[in-house]
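Structure record follows, encoded as structure tokens.
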Amino acid sequence: MSTEKVKNKRITLKDYVTGYPKEEDLLLGSSDLELKVPTGSNAVLLKNLYLSCDPYMRGKMSKPVVKSYTDAFIPGSVITGYGVGKVVDSGHPNFQAGDLVWGITGWEEYTLIKAPEFLVKIKYTDVPLSYYTGILGMPGLTAYVGFNVISSPKKGETVYVSAASGAVGQLVGQFAKLMGCYVVGSAGSQEKVDLLKSKFGFDEAFNYKEEHDLNAALKRYFPDGIDIYFENVGGPMLDAVLLNMRNHGRIAVCGMISQYNLTEKDSVHNLFLIIAKRIRMEGFIEPDHKHLYPQFLELVIQYIREGKLVYVEDIAEGIENAPAALIGLFSGRNVGKQVVLIARE
């Protein structure tokens, strides 16, 4: 019996990007694909259901200059990222057709995963499958580790979250409220500011684009200083935060999205305050903490079921709209976690 063949729509990188990326940097094409893993292979063939748009992907679009924690995309090749998929065919004993999984996959309708041991089987399906690109996936574990592990929080402390309405920030604020902290977030529109207070339970929130003096804004919300800063943006915001940190404060450095598209990075002038205030500032990445995923999953799924955690997604439909969804991250076009629906289960 002949194997079914399909036209597999896919997104490739046109060329390395300098400065702000454009939709035209990502090309929609297709290739012929047999819906079967090669004979004798341990590979898994996935039908991709959801693709995750994440800020770290911008770094992968640039020509590699220094060694990073993740390899750059290759021009002309399919780009990759986190996603949710359904197993169509498997040569691996741990995966069967019909299994639902999440992990790194191609930006295409179907992907042949040659190292499926890095895929995570989806345990709970009483929540939207798209959650495994966000609250129950990499961004969720990032928020959990960055706040609960890296930041060493204590009840009653003051917490500031930048890019607070994004995939990670919205969760950090909620984790902090569950800990009994005072939480302030910043975002780039009034709609997002309202969301932080009405949906996610932040004590206060402000639109950083409307603040001409970030130092004064932070002093307004933190008259006694900041104990924990969850860093997502870098640049002038980090400089202002350092002026407002309390002695022995902690800064969990998750990202610096304000710098990703700049050919000349902003300088940070107040780094001496790390010494003067005995601040602990630590960068981290989610892959280093995969061993915590099982306990994280059990905790967060319970919080979701009890209504203690909520999550907002911004879902684009169709692989043809994936480039616009990803590029929109860097101008703040999305409200909540940006996801692309590729196919329904």
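So you can find residues: chains in the structure tokens are A, B, ... in the order shown, residues in each start at 1, and ligands are numbered from 1 in order.
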Contact residues around Phe296 of chain A with only C-alpha atoms at 12 Å, ignoring same-chain residues under 2 positions, as an MDAnalysis selection string: chainID A and resid 135:145 148:149 175 289:294 298:303
Residues near Asp25 of chain A, cut-off 7 Å, only C-alpha atoms, skip fewer than 4 positions along chain, as a list in words: Leu13, Lys14, Asp15 and Pro21 of chain A
DSSP alpha helix (DSSP H) residues within segment 99-253 of chain A, as a ChimeraX atom specification: /A:138-144,169-179,190-198,214-221,236-244
Create the file for the chosen residues now, containing C-alpha atoms and written as a tab-separated table (two decimals), in the first residue's frame.
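Saved result, part-v3.tsv, follows:
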chain	number	residue	atom	x	y	z
A	138	MET	CA	8.38	26.71	28.50
A	139	PRO	CA	7.05	30.18	29.51
A	140	GLY	CA	5.25	28.72	32.53
A	141	LEU	CA	8.32	26.89	33.81
A	142	THR	CA	10.39	30.02	33.10
A	143	ALA	CA	8.08	32.12	35.29
A	144	TYR	CA	8.03	29.49	38.04
A	169	GLY	CA	5.21	38.21	33.05
A	170	GLN	CA	1.49	37.58	33.59
A	171	LEU	CA	2.39	34.39	35.47
A	172	VAL	CA	5.20	35.92	37.53
A	173	GLY	CA	2.77	38.50	38.89
A	174	GLN	CA	0.24	35.85	39.82
A	175	PHE	CA	2.88	33.65	41.48
A	176	ALA	CA	3.96	36.70	43.48
A	177	LYS	CA	0.41	37.44	44.62
A	178	LEU	CA	-0.02	33.81	45.67
A	179	MET	CA	3.14	34.27	47.76
A	190	GLN	CA	-3.65	51.05	28.53
A	191	GLU	CA	-5.43	47.85	27.50
A	192	LYS	CA	-2.55	45.80	28.88
A	193	VAL	CA	-2.34	47.90	32.05
A	194	ASP	CA	-6.05	47.34	32.70
A	195	LEU	CA	-5.57	43.61	32.10
A	196	LEU	CA	-2.79	43.42	34.68
A	197	LYS	CA	-5.02	44.86	37.40
A	198	SER	CA	-8.43	43.43	36.47
A	214	LEU	CA	11.13	55.86	34.75
A	215	ASN	CA	13.00	56.47	38.00
A	216	ALA	CA	10.23	58.78	39.23
A	217	ALA	CA	7.56	56.29	38.13
A	218	LEU	CA	9.16	53.48	40.10
A	219	LYS	CA	9.58	55.72	43.17
A	220	ARG	CA	5.87	56.48	42.94
A	221	TYR	CA	4.91	52.80	43.11
A	236	PRO	CA	16.79	52.30	30.47
A	237	MET	CA	14.29	50.32	32.53
A	238	LEU	CA	17.06	48.27	34.15
A	239	ASP	CA	18.97	51.48	34.89
A	240	ALA	CA	15.92	52.97	36.63
A	241	VAL	CA	15.25	49.77	38.56
A	242	LEU	CA	18.80	49.67	39.95
A	243	LEU	CA	18.22	53.12	41.47
A	244	ASN	CA	15.12	51.78	43.23
Top pick for closest residue to Phe230 of chain A, considering A:Val184, A:Met57, A:Ile74, A:Leu273 and counting only C-alpha atoms: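 Of A:Val184, A:Met57, A:Ile74, A:Leu273, the one nearest Phe230 of chain A, counting only C-alpha atoms, is A:Val184.
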With 6 Å as the cut-off and only C-alpha atoms counted, what is the closest atom pair between each nearby residue of segment 20-57 of chain A and segment 338-342 of chain A? Distances in Å to one decimal, ordered by chain and number, as CSV.
residue,atom,partner,partner_atom,distance
A:Leu49,CA,A:Ile342,CA,5.0
A:Tyr50,CA,A:Leu341,CA,4.7
A:Leu51,CA,A:Val340,CA,5.1
A:Ser52,CA,A:Val339,CA,4.9
A:Cys53,CA,A:Gln338,CA,5.5
Which polymer residues have any atom within 12 Å of an atom of His248 of chain A, counting only C-alpha atoms, with same-chain residues fewer than 2 positions away left out, as an mmCIF file with all heavy atoms, in the first residue's frame?
data_model
loop_
_atom_site.group_PDB
_atom_site.id
_atom_site.type_symbol
_atom_site.label_atom_id
_atom_site.label_comp_id
_atom_site.auth_asym_id
_atom_site.auth_seq_id
_atom_site.Cartn_x
_atom_site.Cartn_y
_atom_site.Cartn_z
ATOM 1 N N SER A 151 14.575 34.031 42.474
ATOM 2 C CA SER A 151 14.310 35.257 43.243
ATOM 3 C C SER A 151 14.186 35.051 44.745
ATOM 4 O O SER A 151 14.165 36.030 45.491
ATOM 5 C CB SER A 151 13.024 35.928 42.717
ATOM 6 O OG SER A 151 13.146 36.259 41.356
ATOM 7 N N SER A 152 14.083 33.809 45.198
ATOM 8 C CA SER A 152 13.972 33.507 46.639
ATOM 9 C C SER A 152 12.969 34.419 47.339
ATOM 10 O O SER A 152 13.317 35.149 48.285
ATOM 11 C CB SER A 152 15.347 33.634 47.312
ATOM 12 O OG SER A 152 16.304 32.833 46.683
ATOM 13 N N PRO A 153 11.708 34.414 46.909
ATOM 14 C CA PRO A 153 10.737 35.379 47.445
ATOM 15 C C PRO A 153 10.276 35.048 48.862
ATOM 16 O O PRO A 153 10.296 33.889 49.282
ATOM 17 C CB PRO A 153 9.559 35.252 46.473
ATOM 18 C CG PRO A 153 9.625 33.817 46.012
ATOM 19 C CD PRO A 153 11.102 33.509 45.921
ATOM 20 N N GLU A 157 7.120 40.877 50.461
ATOM 21 C CA GLU A 157 8.128 41.618 49.703
ATOM 22 C C GLU A 157 7.492 42.370 48.531
ATOM 23 O O GLU A 157 6.376 42.073 48.104
ATOM 24 C CB GLU A 157 9.226 40.674 49.208
ATOM 25 C CG GLU A 157 10.118 40.175 50.340
ATOM 26 C CD GLU A 157 11.367 39.469 49.844
ATOM 27 O OE1 GLU A 157 11.243 38.596 48.957
ATOM 28 O OE2 GLU A 157 12.457 39.769 50.372
ATOM 29 N N GLY A 225 11.233 51.071 47.977
ATOM 30 C CA GLY A 225 12.160 50.279 47.179
ATOM 31 C C GLY A 225 11.593 48.929 46.744
ATOM 32 O O GLY A 225 10.530 48.486 47.184
ATOM 33 N N ILE A 226 12.353 48.284 45.844
ATOM 34 C CA ILE A 226 11.963 47.018 45.223
ATOM 35 C C ILE A 226 12.815 45.878 45.787
ATOM 36 O O ILE A 226 14.048 45.964 45.792
ATOM 37 C CB ILE A 226 12.165 47.089 43.688
ATOM 38 C CG1 ILE A 226 11.321 48.211 43.076
ATOM 39 C CG2 ILE A 226 11.841 45.746 43.029
ATOM 40 C CD1 ILE A 226 11.724 48.556 41.644
ATOM 41 N N ASP A 227 12.158 44.829 46.245
ATOM 42 C CA ASP A 227 12.893 43.646 46.717
ATOM 43 C C ASP A 227 13.257 42.713 45.569
ATOM 44 O O ASP A 227 14.363 42.159 45.534
ATOM 45 C CB ASP A 227 12.047 42.857 47.731
ATOM 46 C CG ASP A 227 11.874 43.583 49.046
ATOM 47 O OD1 ASP A 227 12.900 43.945 49.653
ATOM 48 O OD2 ASP A 227 10.721 43.789 49.460
ATOM 49 N N ILE A 228 12.315 42.512 44.646
ATOM 50 C CA ILE A 228 12.519 41.577 43.532
ATOM 51 C C ILE A 228 12.128 42.244 42.223
ATOM 52 O O ILE A 228 11.032 42.802 42.107
ATOM 53 C CB ILE A 228 11.675 40.296 43.726
ATOM 54 C CG1 ILE A 228 12.153 39.501 44.940
ATOM 55 C CG2 ILE A 228 11.725 39.411 42.468
ATOM 56 C CD1 ILE A 228 11.239 38.351 45.322
ATOM 57 N N TYR A 229 13.031 42.205 41.269
ATOM 58 C CA TYR A 229 12.712 42.680 39.918
ATOM 59 C C TYR A 229 12.821 41.507 38.954
ATOM 60 O O TYR A 229 13.871 40.874 38.852
ATOM 61 C CB TYR A 229 13.670 43.798 39.496
ATOM 62 C CG TYR A 229 13.525 44.217 38.041
ATOM 63 C CD1 TYR A 229 12.256 44.395 37.474
ATOM 64 C CD2 TYR A 229 14.640 44.427 37.235
ATOM 65 C CE1 TYR A 229 12.122 44.782 36.139
ATOM 66 C CE2 TYR A 229 14.505 44.819 35.908
ATOM 67 C CZ TYR A 229 13.248 44.982 35.362
ATOM 68 O OH TYR A 229 13.112 45.340 34.045
ATOM 69 N N LEU A 242 17.637 49.746 39.061
ATOM 70 C CA LEU A 242 18.801 49.674 39.955
ATOM 71 C C LEU A 242 18.794 50.822 40.968
ATOM 72 O O LEU A 242 19.186 50.642 42.122
ATOM 73 C CB LEU A 242 20.092 49.686 39.143
ATOM 74 C CG LEU A 242 20.393 48.391 38.377
ATOM 75 C CD1 LEU A 242 21.531 48.604 37.385
ATOM 76 C CD2 LEU A 242 20.729 47.253 39.342
ATOM 77 N N ASN A 244 16.236 51.990 42.301
ATOM 78 C CA ASN A 244 15.125 51.784 43.233
ATOM 79 C C ASN A 244 15.154 50.445 43.963
ATOM 80 O O ASN A 244 14.242 50.147 44.725
ATOM 81 C CB ASN A 244 13.800 51.929 42.472
ATOM 82 C CG ASN A 244 13.503 53.370 42.100
ATOM 83 O OD1 ASN A 244 12.970 54.125 42.902
ATOM 84 N ND2 ASN A 244 13.882 53.756 40.889
ATOM 85 N N MET A 245 16.184 49.648 43.727
ATOM 86 C CA MET A 245 16.286 48.366 44.435
ATOM 87 C C MET A 245 16.624 48.591 45.903
ATOM 88 O O MET A 245 17.353 49.522 46.260
ATOM 89 C CB MET A 245 17.354 47.477 43.800
ATOM 90 C CG MET A 245 17.017 46.955 42.414
ATOM 91 S SD MET A 245 15.590 45.840 42.363
ATOM 92 C CE MET A 245 16.228 44.410 43.254
ATOM 93 N N ARG A 246 16.113 47.715 46.737
ATOM 94 C CA ARG A 246 16.460 47.730 48.158
ATOM 95 C C ARG A 246 17.761 46.965 48.372
ATOM 96 O O ARG A 246 18.173 46.162 47.537
ATOM 97 C CB ARG A 246 15.339 47.099 48.988
ATOM 98 C CG ARG A 246 14.008 47.820 48.847
ATOM 99 C CD ARG A 246 12.951 47.240 49.758
ATOM 100 N NE ARG A 246 13.240 47.541 51.172
ATOM 101 C CZ ARG A 246 12.487 47.157 52.178
ATOM 102 N NH1 ARG A 246 11.388 46.433 51.966
ATOM 103 N NH2 ARG A 246 12.800 47.475 53.406
ATOM 104 N N ARG A 250 16.902 41.165 44.740
ATOM 105 C CA ARG A 250 17.229 40.131 43.750
ATOM 106 C C ARG A 250 16.638 40.519 42.402
ATOM 107 O O ARG A 250 15.491 40.961 42.321
ATOM 108 C CB ARG A 250 16.667 38.756 44.157
ATOM 109 C CG ARG A 250 17.424 38.078 45.300
ATOM 110 C CD ARG A 250 16.952 38.540 46.662
ATOM 111 N NE ARG A 250 15.613 38.049 46.965
ATOM 112 C CZ ARG A 250 14.783 38.634 47.816
ATOM 113 N NH1 ARG A 250 15.112 39.759 48.440
ATOM 114 N NH2 ARG A 250 13.588 38.109 48.053
ATOM 115 N N ILE A 251 17.428 40.308 41.362
ATOM 116 C CA ILE A 251 16.978 40.555 39.995
ATOM 117 C C ILE A 251 17.124 39.255 39.209
ATOM 118 O O ILE A 251 18.234 38.750 39.036
ATOM 119 C CB ILE A 251 17.786 41.680 39.313
ATOM 120 C CG1 ILE A 251 17.656 42.987 40.104
ATOM 121 C CG2 ILE A 251 17.328 41.860 37.870
ATOM 122 C CD1 ILE A 251 18.489 44.131 39.540
ATOM 123 N N LEU A 273 25.582 49.974 41.605
ATOM 124 C CA LEU A 273 24.612 49.797 42.691
ATOM 125 C C LEU A 273 24.420 48.322 43.050
ATOM 126 O O LEU A 273 23.939 48.006 44.145
ATOM 127 C CB LEU A 273 23.276 50.434 42.315
ATOM 128 C CG LEU A 273 23.300 51.973 42.218
ATOM 129 C CD1 LEU A 273 21.986 52.500 41.677
ATOM 130 C CD2 LEU A 273 23.617 52.591 43.574
ATOM 131 N N ILE A 274 24.785 47.414 42.149
ATOM 132 C CA ILE A 274 24.752 45.990 42.490
ATOM 133 C C ILE A 274 25.681 45.722 43.663
ATOM 134 O O ILE A 274 25.381 44.920 44.557
ATOM 135 C CB ILE A 274 25.143 45.128 41.267
ATOM 136 C CG1 ILE A 274 24.105 45.293 40.150
ATOM 137 C CG2 ILE A 274 25.304 43.657 41.645
ATOM 138 C CD1 ILE A 274 24.477 44.588 38.857
ATOM 139 N N ILE A 275 26.812 46.434 43.683
ATOM 140 C CA ILE A 275 27.755 46.299 44.792
ATOM 141 C C ILE A 275 27.249 47.064 46.008
ATOM 142 O O ILE A 275 27.152 46.523 47.117
ATOM 143 C CB ILE A 275 29.151 46.833 44.390
ATOM 144 C CG1 ILE A 275 29.676 46.093 43.160
ATOM 145 C CG2 ILE A 275 30.133 46.708 45.557
ATOM 146 C CD1 ILE A 275 30.882 46.739 42.512
ATOM 147 N N ALA A 276 26.921 48.333 45.795
ATOM 148 C CA ALA A 276 26.544 49.198 46.913
ATOM 149 C C ALA A 276 25.332 48.669 47.675
ATOM 150 O O ALA A 276 25.270 48.761 48.909
ATOM 151 C CB ALA A 276 26.265 50.611 46.396
ATOM 152 N N LYS A 277 24.368 48.092 46.927
ATOM 153 C CA LYS A 277 23.151 47.598 47.563
ATOM 154 C C LYS A 277 23.178 46.086 47.801
ATOM 155 O O LYS A 277 22.177 45.507 48.240
ATOM 156 C CB LYS A 277 21.930 47.954 46.701
ATOM 157 C CG LYS A 277 21.706 49.461 46.563
ATOM 158 C CD LYS A 277 20.425 49.758 45.782
ATOM 159 C CE LYS A 277 20.158 51.238 45.694
ATOM 160 N NZ LYS A 277 18.852 51.560 45.071
ATOM 161 N N ARG A 278 24.305 45.455 47.478
ATOM 162 C CA ARG A 278 24.460 43.992 47.647
ATOM 163 C C ARG A 278 23.322 43.242 46.953
ATOM 164 O O ARG A 278 22.685 42.346 47.502
ATOM 165 C CB ARG A 278 24.526 43.592 49.124
ATOM 166 C CG ARG A 278 25.841 43.940 49.778
ATOM 167 C CD ARG A 278 25.882 45.376 50.279
ATOM 168 N NE ARG A 278 25.153 45.495 51.551
ATOM 169 C CZ ARG A 278 24.642 46.644 52.006
ATOM 170 N NH1 ARG A 278 24.755 47.751 51.301
ATOM 171 N NH2 ARG A 278 24.021 46.660 53.161
ATOM 172 N N ILE A 279 23.080 43.627 45.709
ATOM 173 C CA ILE A 279 22.010 43.028 44.901
ATOM 174 C C ILE A 279 22.518 41.738 44.265
ATOM 175 O O ILE A 279 23.644 41.670 43.794
ATOM 176 C CB ILE A 279 21.557 44.013 43.791
ATOM 177 C CG1 ILE A 279 20.926 45.262 44.416
ATOM 178 C CG2 ILE A 279 20.584 43.342 42.823
ATOM 179 C CD1 ILE A 279 20.766 46.414 43.428
ATOM 180 N N ARG A 280 21.675 40.731 44.234
ATOM 181 C CA ARG A 280 22.001 39.495 43.497
ATOM 182 C C ARG A 280 21.244 39.527 42.179
ATOM 183 O O ARG A 280 20.018 39.529 42.151
ATOM 184 C CB ARG A 280 21.625 38.246 44.303
ATOM 185 C CG ARG A 280 21.908 36.953 43.523
ATOM 186 C CD ARG A 280 21.908 35.750 44.446
ATOM 187 N NE ARG A 280 20.662 35.601 45.174
ATOM 188 C CZ ARG A 280 19.566 35.030 44.668
ATOM 189 N NH1 ARG A 280 19.548 34.588 43.431
ATOM 190 N NH2 ARG A 280 18.481 34.902 45.413
ATOM 191 N N MET A 281 21.975 39.537 41.072
ATOM 192 C CA MET A 281 21.393 39.611 39.737
ATOM 193 C C MET A 281 21.827 38.361 38.982
ATOM 194 O O MET A 281 23.016 38.115 38.799
ATOM 195 C CB MET A 281 21.879 40.877 39.035
ATOM 196 C CG MET A 281 21.274 41.143 37.681
ATOM 197 S SD MET A 281 21.799 42.803 37.097
ATOM 198 C CE MET A 281 21.016 42.835 35.490
#
DSSP-assigned strand (DSSP E or B) members of segment 112-246 of chain A, reported as a ChimeraX atom specification: /A:112-113,120-121,158-161,182-187,204-207,226-231,245-246
